[in-house]
>>> print(open('run-v1.csv').read())   # CSV, C-alpha atoms and all ligand atoms
chain,number,residue,atom,x,y,z
A,128,MET,CA,155.8,-91.7,44.0
A,129,ASP,CA,152.9,-89.3,44.0
A,130,SER,CA,152.6,-86.6,46.5
A,131,LYS,CA,150.0,-83.9,46.8
A,132,TYR,CA,152.8,-81.3,47.4
A,133,LEU,CA,155.5,-82.4,45.0
A,134,ALA,CA,155.7,-82.0,41.2
A,135,THR,CA,157.4,-84.3,38.8
A,136,SER,CA,155.7,-87.7,38.5
A,137,LYS,CA,152.2,-88.4,37.1
A,138,ARG,CA,149.5,-89.8,39.3
A,139,ASP,CA,149.6,-93.6,39.3
A,140,ALA,CA,146.2,-95.1,38.3
A,141,GLY,CA,145.1,-97.3,41.1
A,142,GLY,CA,148.0,-96.2,43.2
A,143,PRO,CA,147.7,-95.5,46.9
A,144,SER,CA,145.5,-92.6,47.8
A,145,PRO,CA,147.0,-89.6,49.6
A,146,VAL,CA,147.3,-90.4,53.3
A,147,LYS,CA,145.8,-88.2,55.9
A,148,PHE,CA,148.0,-87.5,58.9
A,149,SER,CA,147.4,-85.8,62.1
A,150,ILE,CA,150.8,-84.3,63.1
A,151,LYS,CA,151.0,-83.1,66.6
A,152,ARG,CA,153.0,-79.9,66.8
A,153,LYS,CA,154.9,-78.3,69.6
A,154,HIS,CA,155.2,-81.6,71.2
A,155,ASP,CA,158.5,-83.1,72.1
A,156,SER,CA,158.2,-86.1,74.4
A,157,ILE,CA,161.8,-85.8,75.5
A,158,ALA,CA,161.7,-82.0,76.0
A,159,ASN,CA,158.5,-82.4,78.0
A,160,SER,CA,159.6,-85.4,80.0
A,161,PRO,CA,160.1,-84.8,83.7
A,162,ILE,CA,163.6,-83.7,84.5
A,163,ASN,CA,165.4,-86.6,85.9
A,164,GLU,CA,169.1,-86.1,86.5
A,165,LYS,CA,170.8,-89.4,86.6
A,166,LYS,CA,174.0,-91.2,85.9
A,167,THR,CA,172.9,-94.0,83.7
A,168,HIS,CA,173.8,-97.3,85.1
A,169,VAL,CA,175.6,-99.3,82.5
A,170,ALA,CA,174.0,-102.6,82.7
A,171,GLN,CA,176.0,-105.5,81.3
A,172,ILE,CA,173.0,-107.6,80.4
A,173,LYS,CA,174.0,-110.8,78.8
A,174,HIS,CA,171.5,-112.7,76.7
A,175,PRO,CA,172.3,-116.1,75.4
A,176,VAL,CA,172.7,-115.5,71.7
A,177,SER,CA,173.6,-118.3,69.3
A,178,PRO,CA,177.1,-117.9,67.9
A,179,VAL,CA,175.7,-118.4,64.4
A,180,LEU,CA,173.4,-115.4,64.8
A,181,LEU,CA,176.2,-113.3,66.2
A,182,THR,CA,178.5,-114.2,63.2
A,183,SER,CA,175.8,-113.4,60.6
A,184,LYS,CA,175.0,-110.1,62.4
A,185,ARG,CA,178.7,-109.2,62.5
A,186,ALA,CA,179.1,-110.1,58.8
A,187,SER,CA,176.1,-107.9,57.8
A,188,ILE,CA,177.5,-104.9,59.9
A,189,GLU,CA,180.9,-105.3,58.2
A,190,GLN,CA,179.2,-105.6,54.8
A,191,LEU,CA,177.3,-102.3,55.5
A,192,GLN,CA,180.4,-100.6,56.7
A,193,LYS,CA,182.3,-101.5,53.6
A,194,SER,CA,179.5,-100.3,51.4
A,195,LEU,CA,179.7,-96.8,52.8
A,196,PRO,CA,181.5,-94.1,50.7
A,197,VAL,CA,183.6,-93.0,53.8
A,198,TYR,CA,185.0,-96.5,54.1
A,199,ASN,CA,187.3,-96.1,51.0
A,200,CYS,CA,188.5,-92.7,52.3
A,201,ARG,CA,189.8,-94.0,55.6
A,202,GLN,CA,193.5,-93.6,54.7
A,203,ARG,CA,192.9,-90.2,53.2
A,204,ILE,CA,191.2,-89.0,56.4
A,205,LEU,CA,193.8,-90.4,58.7
A,206,LYS,CA,196.6,-88.9,56.6
A,207,GLU,CA,195.1,-85.5,56.6
A,208,LEU,CA,194.6,-85.6,60.3
A,209,GLU,CA,198.2,-86.7,60.9
A,210,LEU,CA,199.4,-83.7,58.8
A,211,ASN,CA,197.0,-81.1,60.1
A,212,ASP,CA,195.4,-80.3,63.5
A,213,THR,CA,192.1,-79.4,61.8
A,214,VAL,CA,190.4,-81.2,59.0
A,215,LEU,CA,187.1,-80.3,57.3
A,216,ILE,CA,185.2,-83.1,55.8
A,217,MET,CA,182.2,-82.8,53.5
A,218,SER,CA,180.3,-85.8,52.1
A,219,GLU,CA,176.8,-86.8,51.2
A,220,THR,CA,174.3,-87.5,53.9
A,221,GLY,CA,174.4,-91.2,54.9
A,222,SER,CA,177.9,-91.7,53.7
A,223,GLY,CA,179.1,-92.7,57.2
A,224,LYS,CA,180.7,-89.6,58.6
A,225,THR,CA,179.1,-89.8,62.0
A,226,THR,CA,179.3,-93.5,62.6
A,227,GLN,CA,182.6,-94.5,60.9
A,228,ILE,CA,185.0,-91.6,61.4
A,229,PRO,CA,185.1,-92.0,65.2
A,230,GLN,CA,185.9,-95.7,64.7
A,231,PHE,CA,188.7,-95.0,62.3
A,232,LEU,CA,190.2,-92.7,64.8
A,233,LEU,CA,189.8,-95.2,67.6
A,234,GLN,CA,191.5,-97.9,65.5
A,235,ALA,CA,194.3,-95.5,64.6
A,236,GLY,CA,195.1,-94.9,68.3
A,237,TYR,CA,193.7,-91.4,68.8
A,238,ALA,CA,192.0,-92.4,72.0
A,239,LYS,CA,195.2,-93.3,73.8
A,240,SER,CA,195.8,-89.8,75.3
A,241,GLY,CA,192.1,-88.7,75.6
A,242,MET,CA,188.6,-89.3,74.4
A,243,ILE,CA,187.2,-88.8,70.9
A,244,GLY,CA,184.3,-86.5,71.4
A,245,ILE,CA,181.6,-86.1,68.7
A,246,THR,CA,179.1,-83.3,69.1
A,247,GLN,CA,175.5,-83.5,67.8
A,248,PRO,CA,173.0,-80.7,67.7
A,249,ARG,CA,170.3,-82.9,69.2
A,250,ARG,CA,170.2,-85.3,72.1
A,251,VAL,CA,168.2,-88.0,70.2
A,252,ALA,CA,170.9,-88.1,67.6
A,253,ALA,CA,173.7,-88.4,70.2
A,254,ILE,CA,171.9,-91.3,71.9
A,255,THR,CA,170.9,-93.2,68.8
A,256,VAL,CA,174.3,-92.8,67.1
A,257,ALA,CA,176.1,-93.9,70.3
A,258,ARG,CA,173.9,-97.0,70.4
A,259,ARG,CA,174.7,-97.8,66.7
A,260,VAL,CA,178.5,-97.3,67.0
A,261,ALA,CA,178.5,-99.5,70.2
A,262,GLN,CA,176.6,-102.2,68.3
A,263,GLU,CA,179.1,-101.9,65.4
A,264,LEU,CA,182.0,-102.4,67.8
A,265,SER,CA,180.1,-105.3,69.5
A,266,GLY,CA,179.9,-103.6,72.8
A,267,ASN,CA,177.4,-102.0,75.2
A,268,VAL,CA,176.6,-98.3,75.4
A,269,GLY,CA,178.6,-96.8,78.3
A,270,ASP,CA,181.6,-99.0,77.7
A,271,THR,CA,184.0,-98.1,74.9
A,272,VAL,CA,181.2,-96.0,73.3
A,273,GLY,CA,179.1,-93.7,75.4
A,274,TYR,CA,177.0,-90.6,75.3
A,275,THR,CA,176.4,-87.6,77.5
A,276,VAL,CA,173.3,-85.4,77.0
A,277,ARG,CA,171.7,-83.0,79.5
A,278,PHE,CA,170.5,-85.0,82.6
A,279,GLU,CA,171.9,-88.3,81.3
A,280,ASP,CA,175.4,-89.6,81.2
A,281,ALA,CA,176.1,-93.0,79.8
A,282,THR,CA,179.8,-93.1,80.0
A,283,SER,CA,182.4,-94.9,82.2
A,284,GLN,CA,186.1,-95.0,82.8
A,285,ASN,CA,186.4,-97.2,79.7
A,286,THR,CA,184.7,-94.7,77.4
A,287,LYS,CA,186.9,-93.8,74.4
A,288,ILE,CA,184.2,-92.5,72.0
A,289,ARG,CA,181.8,-90.1,73.5
A,290,PHE,CA,178.8,-88.6,71.7
A,291,LEU,CA,177.5,-85.4,73.3
A,292,THR,CA,175.4,-82.5,72.5
A,293,ASP,CA,176.9,-79.1,71.5
A,294,GLY,CA,175.4,-77.8,74.7
A,295,VAL,CA,177.1,-80.3,77.0
A,296,LEU,CA,180.5,-79.6,75.4
A,297,LEU,CA,179.9,-75.9,75.7
A,298,ARG,CA,179.2,-76.3,79.4
A,299,GLU,CA,182.3,-78.5,79.9
A,300,SER,CA,184.4,-75.8,78.2
A,301,ILE,CA,183.4,-73.3,80.9
A,302,LYS,CA,185.2,-75.5,83.5
A,303,ASP,CA,187.9,-76.8,81.2
A,304,ARG,CA,188.8,-74.2,78.6
A,305,LEU,CA,191.5,-76.5,77.1
A,306,LEU,CA,189.2,-79.5,76.8
A,307,LEU,CA,191.9,-81.7,78.2
A,308,LYS,CA,189.7,-84.8,78.4
A,309,TYR,CA,189.8,-85.0,74.6
A,310,SER,CA,192.4,-85.8,72.0
A,311,VAL,CA,190.0,-85.2,69.2
A,312,ILE,CA,186.8,-83.3,68.9
A,313,ILE,CA,184.5,-83.9,65.9
A,314,LEU,CA,182.0,-81.1,65.3
A,315,ASP,CA,179.3,-82.9,63.4
A,316,GLU,CA,176.5,-81.3,61.3
A,317,ALA,CA,178.5,-78.1,61.2
A,318,HIS,CA,176.2,-76.6,58.5
A,319,GLU,CA,173.4,-76.3,61.0
A,320,ARG,CA,175.2,-73.3,62.5
A,321,THR,CA,173.5,-73.5,65.8
A,322,VAL,CA,174.5,-70.8,68.3
A,323,ASN,CA,176.2,-73.5,70.5
A,324,ALA,CA,178.1,-74.9,67.5
A,325,ASP,CA,179.2,-71.5,66.4
A,326,LEU,CA,180.6,-70.8,69.9
A,327,LEU,CA,182.3,-74.2,69.9
A,328,PHE,CA,184.1,-73.3,66.7
A,329,GLY,CA,185.8,-70.5,68.5
A,330,ILE,CA,186.3,-72.5,71.7
A,331,VAL,CA,188.1,-75.5,70.0
A,332,LYS,CA,190.2,-73.1,68.0
A,333,ASP,CA,191.3,-71.3,71.2
A,334,ALA,CA,191.9,-74.6,73.0
A,335,GLN,CA,194.2,-75.8,70.1
A,336,LYS,CA,196.1,-72.5,70.3
A,337,GLU,CA,196.5,-72.6,74.0
A,338,ARG,CA,197.5,-76.3,74.1
A,339,ARG,CA,200.2,-75.6,71.6
A,340,LYS,CA,201.4,-72.6,73.6
A,341,GLN,CA,201.6,-74.6,76.8
A,342,ARG,CA,203.2,-77.5,74.9
A,343,LEU,CA,200.4,-79.9,75.8
A,344,ALA,CA,199.2,-82.7,73.6
A,345,ASN,CA,197.6,-81.3,70.4
A,346,LEU,CA,193.9,-81.2,70.1
A,347,LYS,CA,192.8,-82.5,66.8
A,348,VAL,CA,189.6,-81.1,65.4
A,349,VAL,CA,187.4,-82.6,62.6
A,350,VAL,CA,184.5,-80.6,61.3
A,351,THR,CA,182.0,-82.6,59.3
A,352,SER,CA,179.0,-81.8,57.3
A,353,ALA,CA,176.9,-82.8,54.3
A,354,THR,CA,176.3,-79.3,53.0
A,355,MET,CA,179.0,-77.1,54.6
A,356,ASP,CA,180.4,-74.1,52.8
A,357,ILE,CA,183.8,-75.6,52.9
A,358,ASP,CA,185.7,-72.5,51.8
A,359,HIS,CA,184.1,-70.4,54.5
A,360,PHE,CA,185.0,-72.8,57.3
A,361,GLY,CA,188.4,-73.3,55.7
A,362,LYS,CA,189.2,-69.6,56.0
A,363,TYR,CA,188.1,-69.6,59.6
A,364,PHE,CA,190.2,-72.6,60.6
A,365,ASN,CA,192.9,-71.9,58.2
A,366,CYS,CA,192.9,-75.3,56.7
A,367,LYS,CA,191.7,-77.0,53.5
A,368,GLY,CA,188.6,-79.2,53.1
A,369,LEU,CA,188.3,-82.8,52.1
A,370,TYR,CA,185.4,-83.7,49.8
A,371,LEU,CA,184.6,-87.4,49.9
A,372,GLU,CA,182.8,-88.6,46.8
A,373,GLY,CA,180.1,-91.2,46.7
A,374,ARG,CA,176.5,-91.6,47.7
A,375,THR,CA,174.8,-94.2,49.8
A,376,TYR,CA,171.4,-93.7,48.4
A,377,PRO,CA,170.1,-92.4,45.0
A,378,VAL,CA,168.8,-88.8,45.3
A,379,ARG,CA,165.9,-87.5,43.3
A,380,VAL,CA,165.3,-83.8,43.4
A,381,MET,CA,161.7,-82.8,43.4
A,382,HIS,CA,160.1,-79.3,43.8
A,383,ALA,CA,157.0,-78.0,45.6
A,384,LYS,CA,154.2,-77.2,43.3
A,385,GLU,CA,153.4,-74.0,45.2
A,386,GLU,CA,154.5,-72.0,48.2
A,387,HIS,CA,153.4,-73.3,51.6
A,388,GLU,CA,152.9,-71.2,54.6
A,389,ASP,CA,153.7,-74.0,57.1
A,390,TYR,CA,156.5,-75.7,55.3
A,391,VAL,CA,157.4,-77.9,58.3
A,392,HIS,CA,153.9,-79.4,58.2
A,393,THR,CA,154.1,-79.8,54.4
A,394,VAL,CA,157.5,-81.5,54.6
A,395,LEU,CA,156.2,-83.9,57.3
A,396,VAL,CA,153.1,-84.9,55.3
A,397,THR,CA,155.2,-85.5,52.2
A,398,LEU,CA,157.8,-87.5,54.2
A,399,PHE,CA,155.1,-89.8,55.7
A,400,HIS,CA,153.5,-90.1,52.3
A,401,ILE,CA,156.8,-91.2,50.7
A,402,HIS,CA,157.3,-93.6,53.6
A,403,ARG,CA,153.9,-95.2,53.2
A,404,THR,CA,153.8,-95.4,49.4
A,405,THR,CA,157.3,-96.2,48.2
A,406,PRO,CA,157.6,-99.9,47.5
A,407,ARG,CA,160.3,-101.7,49.5
A,408,LYS,CA,163.2,-102.9,47.4
B,501,LIG,N1,170.9,-96.3,64.3
B,501,LIG,C1,171.2,-96.9,63.1
B,501,LIG,N2,170.7,-98.1,62.9
B,501,LIG,C2,171.0,-98.7,61.7
B,501,LIG,N3,171.8,-98.2,60.8
B,501,LIG,C3,172.3,-97.0,61.0
B,501,LIG,C4,172.0,-96.3,62.2
B,501,LIG,N4,172.7,-95.1,62.1
B,501,LIG,C5,173.3,-95.1,60.9
B,501,LIG,N5,173.1,-96.2,60.2
B,501,LIG,C6,173.6,-96.6,58.9
B,501,LIG,O1,174.9,-96.1,58.8
B,501,LIG,C7,175.0,-95.3,57.6
B,501,LIG,C8,175.9,-94.1,57.8
B,501,LIG,O2,175.2,-93.2,58.7
B,501,LIG,P1,176.0,-91.9,59.3
B,501,LIG,O3,175.0,-91.3,60.2
B,501,LIG,O4,177.3,-92.3,59.7
B,501,LIG,O5,176.1,-91.0,57.9
B,501,LIG,P2,176.4,-89.5,57.8
B,501,LIG,O6,177.3,-89.3,56.6
B,501,LIG,O7,176.9,-89.0,59.1
B,501,LIG,O8,175.0,-88.9,57.5
B,501,LIG,P3,174.4,-87.4,57.9
B,501,LIG,O9,175.3,-86.4,57.1
B,501,LIG,O10,173.0,-87.5,57.5
B,501,LIG,O11,174.6,-87.3,59.4
B,501,LIG,C9,173.6,-95.0,57.2
B,501,LIG,O12,173.5,-94.9,55.8
B,501,LIG,C10,172.8,-96.1,57.8
B,501,LIG,O13,172.8,-97.2,56.8
>>> encode(input="run-v1.csv", output="C-alpha cells", more="lines below")
Ligand SMILES: Nc1ncnc2c1ncn2[C@@H]1O[C@H](COP(=O)(O)OP(=O)(O)OP(=O)(O)O)[C@@H](O)[C@H]1O
Amino acid sequence: MDSKYLATSKRDAGGPSPVKFSIKRKHDSIANSPINEKKTHVAQIKHPVSPVLLTSKRASIEQLQKSLPVYNCRQRILKELELNDTVLIMSETGSGKTTQIPQFLLQAGYAKSGMIGITQPRRVAAITVARRVAQELSGNVGDTVGYTVRFEDATSQNTKIRFLTDGVLLRESIKDRLLLKYSVIILDEAHERTVNADLLFGIVKDAQKERRKQRLANLKVVVTSATMDIDHFGKYFNCKGLYLEGRTYPVRVMHAKEEHEDYVHTVLVTLFHIHRTTPRK
C-alpha cells in the first residue's frame, strides 16, 4: 500500500496512482436533514426467500460470530457480570463487543426484568448496529432489537435489546433517575469521553446505588472500549477490568511522514486511498 501521507512501504512500480478526492466538509446529511419527529412504524415486510438461501445466510452469520474474539470469552463475561454489578471490558476494535455482548446477555436471561440498553456516541452507529444485531437474531428492527435516536424511535413492546445514543439515555435519566426500564446498561465506546458519556458514568453509578438502597432489582453496568484506560475507569467504578485477547483483523502501524495542519482531511484521503488500492483477499 502506498499513500502520499504514510511512510513505510516503497512505491509500487506500475501501481495505482494516488487518487484525487474531493471531500465535502461541514456536511452531515443526517444533521442537516429536516427535523421529522416520528415513531418509526415497524413494518413486518415478508419477502419470499428460499429456505436454502436462509440456511446458508444463517450459517455464514454463525461462522462469523464464532470467529470473533469475544465469542470465546462469553462465559468469562457472564461470570464476571454475575459476580459484579459493573464490568469493564476492553478488547480490540472489531472483536465483537458491540454486536455480540448484548446477545450473550439476552441469551443469559438478562432481559427478563428490563431492557438491555447499549449507548452509542453517534446516531448512525446506533441505527446500523441495531440493524446488524436484528439480522443476526433473524428478526426485524423494532422487534426484539430496536433503536432510539433523536426524533426516531424504532422499538416496540417486544424490544429487549435497545441501542440508543448517549444523548437519548441522558434525557431519559432526567425523567427516570433510576433507569428502571433497564436491567443492564452497556456504555459502549467509553474511551471517546464525550460530555454525555461522562455524565452517564455518574448517572448509572448513582442509579445502581439508589436501586440497591431501595432494594430494587440491581442495575448491571458494562463499560466497553477498544482503548480505554482500564485502571482509571476501574478506580471510578471500583471494579476490575477484563481484557479480552484476540484480533479480528491484522493491524499494521504506519506513521505520517510529516505534520499536517488538517489531519481530518489527511486521514480521510489516506483512508479512501487504502480502500481503493488494497487488493481484495
Ligand atoms: N453492519 C454490519 N454489517 C456486517 N458486519 C458487521 C456489521 N457490524 C459489525 N459487523 C461485523 O461484526 C464484527 C464485530 O463488530 P463489533 O462492532 O461488534 O466490534 P467491536 O469490538 O464493538 O468494535 P469497535 O470497538 O470498533 O466498536 C465486525 O468485525 C464485523 O465483521
>>> residues_near_ligand(input="run-v1.csv", ligand="ligand LIG 501 (chain B)", cutoff="6 Å", atoms="only C-alpha atoms and all ligand atoms", output="CSV table (one decimal) with C-alpha atoms, keeping the file's coordinate frame")
chain,number,residue,atom,x,y,z
A,219,GLU,CA,176.8,-86.8,51.2
A,220,THR,CA,174.3,-87.5,53.9
A,221,GLY,CA,174.4,-91.2,54.9
A,222,SER,CA,177.9,-91.7,53.7
A,223,GLY,CA,179.1,-92.7,57.2
A,224,LYS,CA,180.7,-89.6,58.6
A,225,THR,CA,179.1,-89.8,62.0
A,226,THR,CA,179.3,-93.5,62.6
A,227,GLN,CA,182.6,-94.5,60.9
A,255,THR,CA,170.9,-93.2,68.8
A,256,VAL,CA,174.3,-92.8,67.1
A,259,ARG,CA,174.7,-97.8,66.7
A,352,SER,CA,179.0,-81.8,57.3
A,353,ALA,CA,176.9,-82.8,54.3
>>> atom_distance(input="run-v1.csv", atom1="CA of Asn285 (chain A)", atom2="CA of Ala235 (chain A)")
17.1 Å
>>> closest_atom_pairs(input="run-v1.csv", of="region 231-265 of chain A", to="region 182-193 of chain A", cutoff="12 Å", atoms="only C-alpha atoms", output="CSV")
residue,atom,partner,partner_atom,distance
A:Phe231,CA,A:Gln192,CA,11.5
A:Arg259,CA,A:Ile188,CA,10.2
A:Val260,CA,A:Ile188,CA,10.4
A:Ala261,CA,A:Ile188,CA,11.7
A:Gln262,CA,A:Ile188,CA,8.9
A:Glu263,CA,A:Ile188,CA,6.5
A:Leu264,CA,A:Arg185,CA,9.2
A:Ser265,CA,A:Arg185,CA,8.1
>>> atom_distance(input="run-v1.csv", atom1="CA of Leu232 (chain A)", atom2="CA of Leu205 (chain A)")
7.4 Å
>>> closest_residue(input="run-v1.csv", among="A:Thr213, A:Asp356, A:Lys206, A:Thr393", to="Lys332 (chain A)", atoms="all atoms listed in the file")
A:Thr213
>>> closest_residue(input="run-v1.csv", among="A:Ser310, A:Leu326, A:Val331, A:Tyr363", to="Leu343 (chain A)", atoms="only C-alpha atoms")
A:Ser310
>>> closest_residue(input="run-v1.csv", among="A:Gly236, A:Gly241, A:Gly273, A:Pro377", to="Arg258 (chain A)", atoms="all atoms listed in the file")
A:Gly273
>>> atom_distance(input="run-v1.csv", atom1="CA of Asn345 (chain A)", atom2="CA of Val311 (chain A)")
8.6 Å
>>> closest_residue(input="run-v1.csv", among="A:Ile401, A:Leu371, A:Leu210, A:Val350", to="Arg320 (chain A)", atoms="all atoms listed in the file")
A:Val350
>>> closest_residue(input="run-v1.csv", among="A:Thr271, A:Gly368, A:Glu316, A:Gly244", to="Ile204 (chain A)", atoms="only C-alpha atoms")
A:Gly368
>>> decode(input="run-v1.csv", residues="region 351-381 of chain A", atoms="C-alpha atoms", output="PDB file, in the first residue's frame")
ATOM      1  CA  THR A 351     -16.697  -1.320  26.872  1.00  0.00           C
ATOM      2  CA  SER A 352     -13.961   0.182  24.829  1.00  0.00           C
ATOM      3  CA  ALA A 353     -11.126  -0.641  22.474  1.00  0.00           C
ATOM      4  CA  THR A 354      -8.632   1.737  24.033  1.00  0.00           C
ATOM      5  CA  MET A 355      -9.950   2.592  27.449  1.00  0.00           C
ATOM      6  CA  ASP A 356      -7.654   3.425  30.307  1.00  0.00           C
ATOM      7  CA  ILE A 357      -8.959   0.479  32.281  1.00  0.00           C
ATOM      8  CA  ASP A 358      -7.304   1.391  35.611  1.00  0.00           C
ATOM      9  CA  HIS A 359      -8.730   4.868  35.502  1.00  0.00           C
ATOM     10  CA  PHE A 360     -12.292   3.615  34.935  1.00  0.00           C
ATOM     11  CA  GLY A 361     -11.713   0.773  37.392  1.00  0.00           C
ATOM     12  CA  LYS A 362     -10.979   3.288  40.141  1.00  0.00           C
ATOM     13  CA  TYR A 363     -14.090   5.293  39.307  1.00  0.00           C
ATOM     14  CA  PHE A 364     -16.422   2.277  39.298  1.00  0.00           C
ATOM     15  CA  ASN A 365     -14.498   0.431  41.981  1.00  0.00           C
ATOM     16  CA  CYS A 366     -14.232  -2.726  39.924  1.00  0.00           C
ATOM     17  CA  LYS A 367     -11.663  -4.589  37.908  1.00  0.00           C
ATOM     18  CA  GLY A 368     -11.339  -4.692  34.154  1.00  0.00           C
ATOM     19  CA  LEU A 369     -11.471  -7.586  31.771  1.00  0.00           C
ATOM     20  CA  TYR A 370      -9.080  -7.610  28.851  1.00  0.00           C
ATOM     21  CA  LEU A 371     -10.189  -9.910  26.048  1.00  0.00           C
ATOM     22  CA  GLU A 372      -7.358 -11.054  23.847  1.00  0.00           C
ATOM     23  CA  GLY A 373      -7.544 -11.587  20.134  1.00  0.00           C
ATOM     24  CA  ARG A 374      -7.782  -9.596  16.962  1.00  0.00           C
ATOM     25  CA  THR A 375     -10.251  -9.876  14.130  1.00  0.00           C
ATOM     26  CA  TYR A 376      -8.057  -8.136  11.588  1.00  0.00           C
ATOM     27  CA  PRO A 377      -4.278  -7.824  11.271  1.00  0.00           C
ATOM     28  CA  VAL A 378      -3.110  -4.338  12.265  1.00  0.00           C
ATOM     29  CA  ARG A 379      -0.160  -2.581  10.639  1.00  0.00           C
ATOM     30  CA  VAL A 380       1.071   0.577  12.305  1.00  0.00           C
ATOM     31  CA  MET A 381       2.201   3.298   9.892  1.00  0.00           C
TER      32      MET A 381
END
